[in-house]
>>> print(open('protein_36.tsv').read())   # TSV, C-alpha atoms
chain	number	residue	atom	x	y	z
S	1	MET	CA	53.10	-16.38	37.45
S	2	GLU	CA	56.86	-15.85	37.75
S	3	LEU	CA	58.01	-12.41	36.64
S	4	ASN	CA	61.00	-11.62	34.47
S	5	ARG	CA	63.82	-10.18	36.56
S	6	ARG	CA	64.22	-7.09	34.38
S	7	THR	CA	60.48	-6.39	34.78
S	8	VAL	CA	60.85	-6.63	38.57
S	9	ILE	CA	63.79	-4.21	38.63
S	10	ALA	CA	62.21	-1.73	36.24
S	11	GLY	CA	58.91	-1.83	38.09
S	12	ALA	CA	60.56	-1.13	41.42
S	13	ALA	CA	62.47	1.77	39.88
S	14	ALA	CA	59.27	3.26	38.45
S	15	ALA	CA	57.74	3.15	41.91
S	16	GLY	CA	60.73	5.08	43.22
S	17	ILE	CA	61.55	2.55	45.92
S	18	ALA	CA	65.09	2.75	47.30
S	19	ALA	CA	67.21	-0.33	47.93
S	20	THR	CA	69.05	-1.40	51.05
S	21	THR	CA	71.88	-3.86	51.42
S	22	LEU	CA	69.90	-6.70	53.00
S	23	GLY	CA	66.22	-7.20	52.38
S	24	GLY	CA	66.00	-3.94	50.42
S	25	THR	CA	64.07	-3.37	47.22
S	26	ALA	CA	65.63	-3.54	43.77
S	27	HIS	CA	65.93	-0.51	41.53
S	28	ALA	CA	67.19	-0.27	37.99
S	29	THR	CA	70.84	0.72	37.68
S	30	GLY	CA	73.28	1.24	34.88
S	31	GLY	CA	76.92	0.25	34.97
S	32	ARG	CA	78.64	2.05	37.82
S	33	LYS	CA	82.40	2.58	37.92
S	34	PRO	CA	83.96	0.16	40.45
S	35	VAL	CA	84.62	1.76	43.83
S	36	LYS	CA	87.66	0.86	45.94
S	37	THR	CA	87.61	1.01	49.76
S	38	LEU	CA	89.88	-0.29	52.52
S	39	PHE	CA	88.51	-3.56	53.92
S	40	GLY	CA	91.24	-4.35	56.46
S	41	LYS	CA	94.87	-5.29	56.95
S	42	LEU	CA	96.78	-8.55	57.19
S	43	ALA	CA	98.98	-9.24	60.22
S	44	ASP	CA	102.03	-7.95	58.30
S	45	GLY	CA	100.28	-4.66	57.57
S	46	THR	CA	99.33	-5.43	53.95
S	47	LYS	CA	96.21	-3.48	53.07
S	48	ILE	CA	93.26	-5.45	51.71
S	49	TYR	CA	90.80	-3.58	49.54
S	50	SER	CA	87.17	-4.15	48.65
S	51	TRP	CA	85.92	-3.32	45.17
S	52	SER	CA	82.20	-2.63	44.73
S	53	LEU	CA	80.54	-3.08	41.34
S	54	GLU	CA	76.94	-2.65	40.23
S	55	ASN	CA	75.31	-3.32	36.88
S	56	GLY	CA	72.01	-4.62	35.54
S	57	GLY	CA	70.56	-4.97	39.04
S	58	THR	CA	73.44	-7.10	40.39
S	59	ARG	CA	75.78	-5.83	43.10
S	60	LEU	CA	79.16	-7.43	43.65
S	61	LYS	CA	81.90	-6.86	46.24
S	62	VAL	CA	85.34	-8.39	45.63
S	63	LEU	CA	88.38	-8.46	47.91
S	64	SER	CA	92.02	-8.22	46.83
S	65	TYR	CA	92.68	-11.04	49.31
S	66	GLY	CA	92.01	-14.29	47.46
S	67	GLY	CA	89.95	-12.58	44.77
S	68	ILE	CA	87.11	-13.31	47.18
S	69	VAL	CA	83.50	-12.54	46.37
S	70	GLN	CA	82.61	-10.97	49.72
S	71	SER	CA	79.00	-10.41	48.73
S	72	LEU	CA	76.75	-10.73	45.70
S	73	GLU	CA	73.31	-9.15	45.93
S	74	ILE	CA	70.36	-9.86	43.63
S	75	PRO	CA	66.62	-9.18	43.90
S	76	ASP	CA	63.84	-11.69	44.48
S	77	ARG	CA	60.53	-11.85	42.61
S	78	ARG	CA	59.26	-8.87	44.63
S	79	GLY	CA	62.36	-6.79	43.96
S	80	ARG	CA	63.89	-7.25	47.42
S	81	TYR	CA	67.67	-7.58	47.54
S	82	ALA	CA	69.64	-10.15	49.51
S	83	ASN	CA	73.27	-11.21	49.57
S	84	VAL	CA	73.30	-14.76	48.20
S	85	SER	CA	77.01	-15.50	48.79
S	86	ALA	CA	78.22	-16.74	52.19
S	87	GLY	CA	81.20	-14.94	53.67
S	88	PHE	CA	82.53	-12.74	56.47
S	89	ASP	CA	82.62	-9.03	57.22
S	90	ASN	CA	86.30	-8.88	58.27
S	91	VAL	CA	89.73	-9.91	56.97
S	92	GLU	CA	90.68	-11.78	60.13
S	93	ASP	CA	87.99	-14.44	59.69
S	94	TYR	CA	88.90	-14.94	56.02
S	95	VAL	CA	92.53	-15.53	56.99
S	96	ALA	CA	91.94	-17.76	60.01
S	97	LYS	CA	88.65	-19.57	59.44
S	98	SER	CA	87.42	-19.51	55.88
S	99	PRO	CA	86.40	-22.75	54.15
S	100	TYR	CA	87.21	-21.02	50.81
S	101	PHE	CA	84.19	-18.68	51.06
S	102	GLY	CA	83.91	-16.90	47.69
S	103	ALA	CA	87.56	-17.46	46.78
S	104	LEU	CA	89.49	-17.87	43.56
S	105	ILE	CA	91.00	-21.35	43.57
S	106	GLY	CA	94.37	-22.37	42.11
S	107	ARG	CA	96.68	-23.57	40.99
S	108	TYR	CA	94.53	-26.66	41.05
S	109	GLY	CA	90.87	-26.66	42.03
S	110	ASN	CA	89.70	-29.72	43.95
S	111	ARG	CA	91.88	-32.64	45.09
S	112	ILE	CA	95.05	-34.33	43.90
S	113	GLY	CA	95.58	-37.74	45.50
S	114	LYS	CA	98.35	-37.78	48.11
S	115	GLY	CA	99.52	-34.48	46.62
S	116	LYS	CA	101.56	-36.31	44.00
S	117	PHE	CA	101.67	-36.44	40.23
S	118	THR	CA	104.16	-37.25	37.48
S	119	LEU	CA	104.64	-34.99	34.46
S	120	ASP	CA	107.06	-35.69	31.60
S	121	GLY	CA	108.71	-38.40	33.68
S	122	LYS	CA	109.33	-36.19	36.72
S	123	ASP	CA	107.61	-36.71	40.08
S	124	TYR	CA	106.18	-33.74	41.98
S	125	GLN	CA	105.16	-33.54	45.62
S	126	LEU	CA	102.61	-30.82	46.40
S	127	SER	CA	101.53	-29.21	49.63
S	128	VAL	CA	99.21	-31.63	51.45
S	129	ASN	CA	96.41	-29.93	53.41
S	130	ASP	CA	93.39	-32.28	53.41
S	131	GLY	CA	94.40	-35.47	55.16
S	132	GLU	CA	96.73	-37.14	52.66
S	133	GLN	CA	95.46	-35.03	49.77
S	134	SER	CA	96.30	-31.68	48.24
S	135	LEU	CA	93.15	-29.57	48.14
S	136	HIS	CA	92.56	-26.36	46.16
S	137	GLY	CA	96.23	-25.64	45.53
S	138	GLY	CA	97.65	-26.56	48.93
S	139	ALA	CA	98.08	-24.88	52.31
S	140	LYS	CA	98.55	-21.44	50.72
S	141	GLY	CA	96.75	-21.55	47.41
S	142	PHE	CA	95.45	-18.67	45.33
S	143	ASP	CA	92.65	-18.14	47.88
S	144	LYS	CA	95.25	-16.92	50.40
S	145	ARG	CA	97.23	-14.65	48.06
S	146	VAL	CA	96.87	-10.91	47.55
S	147	TRP	CA	95.83	-10.13	43.98
S	148	ASP	CA	96.57	-6.97	42.01
S	149	ILE	CA	93.30	-5.50	40.75
S	150	GLU	CA	92.53	-3.10	37.92
S	151	PRO	CA	88.97	-1.85	37.39
S	152	PHE	CA	87.54	-1.35	33.92
S	153	THR	CA	84.47	-0.22	32.04
S	154	LYS	CA	83.87	-1.51	28.52
S	155	GLY	CA	80.77	-0.33	26.73
S	156	SER	CA	77.88	-1.18	29.04
S	157	ASP	CA	79.95	-3.68	31.07
S	158	VAL	CA	81.93	-3.04	34.26
S	159	GLY	CA	84.47	-5.27	35.91
S	160	LEU	CA	87.82	-6.07	37.43
S	161	HIS	CA	91.03	-7.59	36.10
S	162	LEU	CA	92.79	-9.61	38.82
S	163	TYR	CA	96.46	-10.59	38.49
S	164	TYR	CA	98.66	-12.99	40.41
S	165	THR	CA	102.01	-14.60	39.51
S	166	SER	CA	102.73	-17.95	41.14
S	167	VAL	CA	106.47	-18.58	41.17
S	168	ASP	CA	108.14	-21.83	40.15
S	169	GLY	CA	107.90	-24.33	43.02
S	170	GLU	CA	105.10	-22.55	44.90
S	171	MET	CA	103.15	-25.21	46.83
S	172	GLY	CA	105.25	-27.75	44.89
S	173	TYR	CA	103.97	-26.87	41.41
S	174	PRO	CA	106.45	-26.53	38.55
S	175	GLY	CA	106.75	-23.39	36.43
S	176	THR	CA	106.08	-19.72	36.97
S	177	LEU	CA	102.35	-19.29	36.29
S	178	LYS	CA	101.10	-15.85	35.31
S	179	THR	CA	97.38	-15.68	36.02
S	180	LYS	CA	94.75	-13.17	34.97
S	181	VAL	CA	91.13	-13.49	36.04
S	182	THR	CA	88.45	-11.09	34.82
S	183	TYR	CA	85.21	-10.51	36.70
S	184	THR	CA	82.59	-8.79	34.53
S	185	LEU	CA	79.10	-7.57	35.40
S	186	THR	CA	77.13	-7.20	32.17
S	187	ARG	CA	74.31	-4.76	31.52
S	188	HIS	CA	71.93	-7.66	32.07
S	189	GLY	CA	73.37	-8.35	35.53
S	190	ASP	CA	75.24	-11.52	34.55
S	191	TRP	CA	78.48	-12.27	36.40
S	192	ARG	CA	81.10	-13.60	33.99
S	193	ILE	CA	84.49	-15.04	34.99
S	194	ASP	CA	87.27	-15.36	32.39
S	195	TYR	CA	90.41	-17.20	33.48
S	196	GLU	CA	93.76	-16.98	31.68
S	197	ALA	CA	97.20	-18.38	32.54
S	198	THR	CA	100.60	-18.92	30.94
S	199	THR	CA	103.64	-20.82	32.15
S	200	ASP	CA	107.38	-21.05	31.45
S	201	LYS	CA	107.51	-24.76	32.31
S	202	ALA	CA	105.09	-27.66	31.88
S	203	THR	CA	102.63	-27.67	34.77
S	204	VAL	CA	99.03	-28.52	35.68
S	205	VAL	CA	96.27	-25.91	36.06
S	206	ASN	CA	92.62	-26.09	37.12
S	207	LEU	CA	91.19	-22.71	38.17
S	208	THR	CA	87.71	-22.20	39.59
S	209	SER	CA	85.56	-20.07	41.90
S	210	HIS	CA	84.35	-21.26	45.29
S	211	VAL	CA	81.26	-19.15	46.00
S	212	TYR	CA	78.90	-20.66	48.59
S	213	TRP	CA	75.38	-19.99	47.32
S	214	ASN	CA	72.13	-19.61	49.23
S	215	LEU	CA	69.54	-17.96	46.99
S	216	ALA	CA	67.28	-17.26	49.96
S	217	GLY	CA	70.06	-15.11	51.41
S	218	ALA	CA	73.33	-15.96	53.15
S	219	GLY	CA	72.67	-17.01	56.74
S	220	SER	CA	68.96	-17.62	56.13
S	221	GLY	CA	69.09	-21.37	56.74
S	222	THR	CA	69.16	-24.59	54.76
S	223	ILE	CA	69.55	-24.95	51.00
S	224	GLU	CA	67.89	-28.38	51.00
S	225	ASP	CA	64.68	-26.88	49.57
S	226	HIS	CA	66.60	-25.35	46.65
S	227	GLU	CA	65.91	-27.12	43.36
S	228	LEU	CA	68.95	-28.14	41.30
S	229	GLN	CA	69.31	-29.40	37.75
S	230	ILE	CA	72.63	-30.60	36.29
S	231	ALA	CA	73.01	-31.63	32.64
S	232	ALA	CA	75.10	-34.71	33.38
S	233	SER	CA	74.47	-38.43	32.90
S	234	ARG	CA	77.58	-39.53	34.79
S	235	TYR	CA	79.64	-38.58	37.81
S	236	THR	CA	83.01	-39.59	39.28
S	237	PRO	CA	82.66	-41.76	42.42
S	238	THR	CA	85.36	-41.30	45.05
S	239	ASP	CA	87.29	-43.33	47.59
S	240	ALA	CA	87.39	-42.62	51.32
S	241	GLY	CA	89.72	-39.66	50.71
S	242	LEU	CA	87.26	-38.15	48.20
S	243	ILE	CA	89.64	-38.92	45.34
S	244	PRO	CA	87.94	-40.18	42.14
S	245	THR	CA	88.35	-43.90	41.57
S	246	GLY	CA	88.57	-43.33	37.82
S	247	GLU	CA	85.09	-44.70	37.14
S	248	LEU	CA	82.55	-42.64	35.21
S	249	ALA	CA	79.39	-43.94	36.85
S	250	LYS	CA	75.85	-43.45	35.57
S	251	VAL	CA	73.64	-41.22	37.71
S	252	ALA	CA	70.41	-42.90	36.56
S	253	GLY	CA	68.65	-44.62	39.43
S	254	THR	CA	70.89	-43.01	42.07
S	255	PRO	CA	70.65	-39.91	44.30
S	256	PHE	CA	73.14	-38.28	41.91
S	257	ASP	CA	70.57	-37.92	39.14
S	258	PHE	CA	69.82	-34.20	38.77
S	259	GLY	CA	68.91	-34.50	35.10
S	260	ARG	CA	65.54	-33.08	36.05
S	261	ALA	CA	65.34	-30.38	38.69
S	262	LYS	CA	64.67	-31.70	42.18
S	263	PRO	CA	65.01	-30.43	45.77
S	264	ILE	CA	68.53	-31.00	47.07
S	265	GLY	CA	67.16	-32.45	50.29
S	266	ARG	CA	65.11	-35.13	48.55
S	267	ASP	CA	67.92	-37.71	48.38
S	268	ILE	CA	70.71	-36.22	50.46
S	269	ARG	CA	70.11	-38.62	53.38
S	270	VAL	CA	69.69	-41.76	51.30
S	271	ALA	CA	72.03	-44.48	52.60
S	272	HIS	CA	74.12	-44.49	49.43
S	273	PRO	CA	77.80	-45.35	50.12
S	274	GLN	CA	79.01	-42.26	48.26
S	275	LEU	CA	76.76	-39.94	50.28
S	276	VAL	CA	77.81	-41.59	53.52
S	277	THR	CA	81.51	-41.12	52.74
S	278	ALA	CA	81.15	-37.44	51.76
S	279	LYS	CA	78.46	-36.66	54.39
S	280	GLY	CA	76.31	-35.42	51.50
S	281	PHE	CA	77.09	-34.35	47.96
S	282	ASP	CA	80.74	-33.50	47.28
S	283	HIS	CA	81.30	-34.94	43.82
S	284	ASN	CA	82.22	-34.07	40.28
S	285	TRP	CA	79.51	-34.37	37.63
S	286	VAL	CA	80.70	-35.31	34.12
S	287	LEU	CA	78.85	-32.76	32.00
S	288	ASP	CA	77.10	-34.22	28.96
S	289	LYS	CA	78.37	-31.44	26.71
S	290	GLY	CA	82.02	-32.25	27.48
S	291	LEU	CA	84.81	-29.71	26.94
S	292	THR	CA	83.51	-27.00	24.62
S	293	ALA	CA	84.94	-23.96	22.85
S	294	ARG	CA	82.27	-21.65	24.29
S	295	PRO	CA	80.28	-21.62	27.53
S	296	GLU	CA	77.13	-23.72	27.41
S	297	HIS	CA	74.35	-23.96	29.98
S	298	VAL	CA	75.00	-26.85	32.41
S	299	ALA	CA	73.11	-26.19	35.65
S	300	THR	CA	70.17	-24.31	37.13
S	301	LEU	CA	69.60	-23.59	40.82
S	302	ARG	CA	66.28	-22.19	42.09
S	303	ASP	CA	64.93	-21.11	45.45
S	304	PRO	CA	61.14	-21.58	45.28
S	305	ALA	CA	60.44	-19.26	48.21
S	306	SER	CA	62.17	-16.15	46.82
S	307	GLY	CA	61.95	-17.07	43.15
S	308	ARG	CA	65.64	-16.34	42.66
S	309	THR	CA	67.40	-18.49	40.08
S	310	LEU	CA	71.01	-19.04	39.08
S	311	LYS	CA	71.94	-20.48	35.70
S	312	ILE	CA	75.52	-21.54	35.05
S	313	ALA	CA	77.18	-21.80	31.65
S	314	THR	CA	80.77	-22.95	31.15
S	315	ASN	CA	83.15	-24.49	28.65
S	316	GLU	CA	84.55	-26.78	31.36
S	317	PRO	CA	83.81	-30.55	31.26
S	318	GLY	CA	83.01	-30.95	34.96
S	319	LEU	CA	80.98	-29.43	37.78
S	320	GLN	CA	81.65	-30.05	41.46
S	321	PHE	CA	78.47	-29.87	43.53
S	322	TYR	CA	79.25	-29.52	47.25
S	323	SER	CA	76.28	-29.32	49.61
S	324	GLY	CA	78.06	-27.57	52.51
S	325	ASN	CA	78.57	-30.82	54.42
S	326	PHE	CA	81.37	-29.57	56.65
S	327	LEU	CA	79.83	-26.30	57.80
S	328	ASP	CA	79.39	-26.93	61.51
S	329	GLY	CA	77.95	-23.81	63.13
S	330	THR	CA	81.31	-22.39	64.23
S	331	LEU	CA	81.38	-19.67	61.55
S	332	THR	CA	79.32	-16.47	61.69
S	333	GLY	CA	78.46	-14.31	58.69
S	334	PRO	CA	77.64	-10.60	58.32
S	335	SER	CA	73.98	-11.40	59.10
S	336	GLY	CA	74.99	-12.39	62.63
S	337	ARG	CA	73.79	-15.96	62.03
S	338	THR	CA	75.97	-19.05	61.99
S	339	TYR	CA	76.56	-21.27	58.99
S	340	ARG	CA	75.47	-24.83	59.72
S	341	GLN	CA	75.62	-28.01	57.67
S	342	GLY	CA	73.71	-27.53	54.44
S	343	ASP	CA	73.30	-23.76	54.82
S	344	ALA	CA	75.07	-23.06	51.51
S	345	LEU	CA	76.28	-24.94	48.45
S	346	CYS	CA	79.02	-24.69	45.83
S	347	LEU	CA	78.84	-25.29	42.09
S	348	GLU	CA	82.47	-25.26	40.91
S	349	THR	CA	83.10	-25.46	37.17
S	350	GLN	CA	86.29	-27.42	36.56
S	351	HIS	CA	88.30	-30.20	35.03
S	352	PHE	CA	87.91	-33.41	37.00
S	353	PRO	CA	89.59	-33.91	40.41
S	354	ASP	CA	92.90	-35.80	40.35
S	355	SER	CA	93.13	-35.44	36.56
S	356	PRO	CA	96.97	-35.40	36.65
S	357	ASN	CA	96.82	-39.00	37.91
S	358	LYS	CA	93.94	-40.21	35.72
S	359	PRO	CA	95.01	-40.55	32.05
S	360	LYS	CA	91.40	-41.12	30.95
S	361	PHE	CA	90.25	-37.81	32.45
S	362	PRO	CA	90.53	-34.55	30.44
S	363	SER	CA	94.08	-33.25	30.72
S	364	THR	CA	94.98	-30.27	32.90
S	365	VAL	CA	98.53	-29.94	31.53
S	366	LEU	CA	99.66	-26.48	30.40
S	367	ARG	CA	102.91	-26.02	28.47
S	368	PRO	CA	105.05	-23.02	27.51
S	369	GLY	CA	103.60	-21.21	24.52
S	370	GLN	CA	100.05	-22.23	25.40
S	371	THR	CA	97.43	-20.07	27.12
S	372	TYR	CA	94.98	-21.59	29.56
S	373	ARG	CA	91.54	-20.10	28.98
S	374	THR	CA	88.18	-20.96	30.49
S	375	THR	CA	84.95	-19.06	31.09
S	376	THR	CA	81.98	-19.40	33.41
S	377	VAL	CA	78.87	-17.23	33.26
S	378	HIS	CA	76.35	-16.83	36.09
S	379	THR	CA	72.93	-15.60	35.02
S	380	PHE	CA	70.49	-14.51	37.72
S	381	GLY	CA	66.72	-14.44	37.49
S	382	CYS	CA	63.56	-14.27	39.54
>>> encode(input="protein_36.tsv", output="structure tokens")
Amino acid sequence: MELNRRTVIAGAAAAGIAATTLGGTAHATGGRKPVKTLFGKLADGTKIYSWSLENGGTRLKVLSYGGIVQSLEIPDRRGRYANVSAGFDNVEDYVAKSPYFGALIGRYGNRIGKGKFTLDGKDYQLSVNDGEQSLHGGAKGFDKRVWDIEPFTKGSDVGLHLYYTSVDGEMGYPGTLKTKVTYTLTRHGDWRIDYEATTDKATVVNLTSHVYWNLAGAGSGTIEDHELQIAASRYTPTDAGLIPTGELAKVAGTPFDFGRAKPIGRDIRVAHPQLVTAKGFDHNWVLDKGLTARPEHVATLRDPASGRTLKIATNEPGLQFYSGNFLDGTLTGPSGRTYRQGDALCLETQHFPDSPNKPKFPSTVLRPGQTYRTTTVHTFGC
């Protein structure tokens, strides 16, 4: 029988078992004031700090560089901790090699075709960094910026406020965008992300988080045995450049049907044209709930071996599931093991890719006087 996570944590605490960073045993903890330490320096001497948070049995480390989740530790069904977020243990690798490990993404998450869009009759050319496309905000998106961070405690919650101002014209985007992202660890161990942004000129915005998950532990091997469920009846097929064609295709009868939980590896090698093009799953699911005022549950990920689960709730209309297709064994994590194809996956809550060029897709336009707001909640279990 699967145990409730709070029971696991409380039981381990009663037994007086101490926890270690990797493979340790869980113990009950209250909210702990965030701790700031020096993580490293950029080439120009800019100091990069790590912030450590702990609450409700979840441990989180966040970097001021890119707002990166450097590690996120949760217990398994036996109370043993593991870091379930792929990343590095040094600044240099994040700067030179990172495929967006754990990063905040902006101004625009996912792809914009040929890096071009038209807004209010004016054409804009963005930074192109993925073949002909603009990906995740361009060559120097929010993932490569240094964020100002303020820690906070609020009742039984602990967290961080992250701030970055993107100036007019940065990476080709119009308007000065003032961005605030709040990471909160609740007393139940949930990780909540609240995004806010304002602009002084009409622009497009699509912020998200790019954590690479492996619930068995980062560096432990394939995620193909993880079971995934997505509450979506349609997805957005793409062309050869992974830009949506504009079609909202039904998932029924295809490898893209995750309406009921199934192992990721079950259909990943089916000779479906979309899987061949993307070398696996790298698509946007059109969530059945649509755009909502409050976060609603949209996906569940489970590792049968450890019992760890991740439930995602969001008010966004889309979810990008990326199965780690382009990890190629050239990157090494803190565990000392390399990340190979399919060793981690991403579940990015978002508006649809290329929305600025697809009038039928939900709009990503933000205008002066408006405030962009979106929330995603990650709930962990075992």
>>> residues_around(input="protein_36.tsv", residues="stretch 157-171 of chain S", least_positions_apart="6", cutoff="6 Å", atoms="only C-alpha atoms", output="NGL selection string")
:S and (126-127 or 147-151 or 177-187)
>>> residues_around(input="protein_36.tsv", residues="stretch 311-322 of chain S", least_positions_apart="6", cutoff="9 Å", atoms="only C-alpha atoms", output="PyMOL selection string")
chain S and resi 110+212+230+232+235+280-302+344-353+362+374-381
>>> residues_around(input="protein_36.tsv", residues="S:Glu227", least_positions_apart="3", cutoff="10 Å", atoms="all atoms listed in the file", output="list in words")
Ile223, Glu224, Phe258, Arg260, Ala261, Lys262, Pro263, Ile264, Gly265, Arg266, Thr300, Leu301, Arg302, Asp303, Pro304 and Thr309 of chain S
>>> write_last_selection(input="protein_36.tsv", atoms="C-alpha atoms", output="PDB file, in the frame of the given file")
ATOM      1  CA  ILE S 223      69.550 -24.950  51.000  1.00  0.00           C
ATOM      2  CA  GLU S 224      67.890 -28.380  51.000  1.00  0.00           C
ATOM      3  CA  PHE S 258      69.820 -34.200  38.770  1.00  0.00           C
ATOM      4  CA  ARG S 260      65.540 -33.080  36.050  1.00  0.00           C
ATOM      5  CA  ALA S 261      65.340 -30.380  38.690  1.00  0.00           C
ATOM      6  CA  LYS S 262      64.670 -31.700  42.180  1.00  0.00           C
ATOM      7  CA  PRO S 263      65.010 -30.430  45.770  1.00  0.00           C
ATOM      8  CA  ILE S 264      68.530 -31.000  47.070  1.00  0.00           C
ATOM      9  CA  GLY S 265      67.160 -32.450  50.290  1.00  0.00           C
ATOM     10  CA  ARG S 266      65.110 -35.130  48.550  1.00  0.00           C
ATOM     11  CA  THR S 300      70.170 -24.310  37.130  1.00  0.00           C
ATOM     12  CA  LEU S 301      69.600 -23.590  40.820  1.00  0.00           C
ATOM     13  CA  ARG S 302      66.280 -22.190  42.090  1.00  0.00           C
ATOM     14  CA  ASP S 303      64.930 -21.110  45.450  1.00  0.00           C
ATOM     15  CA  PRO S 304      61.140 -21.580  45.280  1.00  0.00           C
ATOM     16  CA  THR S 309      67.400 -18.490  40.080  1.00  0.00           C
TER      17      THR S 309
END
>>> atom_distance(input="protein_36.tsv", atom1="atom CA of S:Leu242", atom2="atom CA of S:Asp130")
10.0 Å
>>> atom_distance(input="protein_36.tsv", atom1="atom CA of S:Leu53", atom2="atom CA of S:Tyr195")
18.9 Å
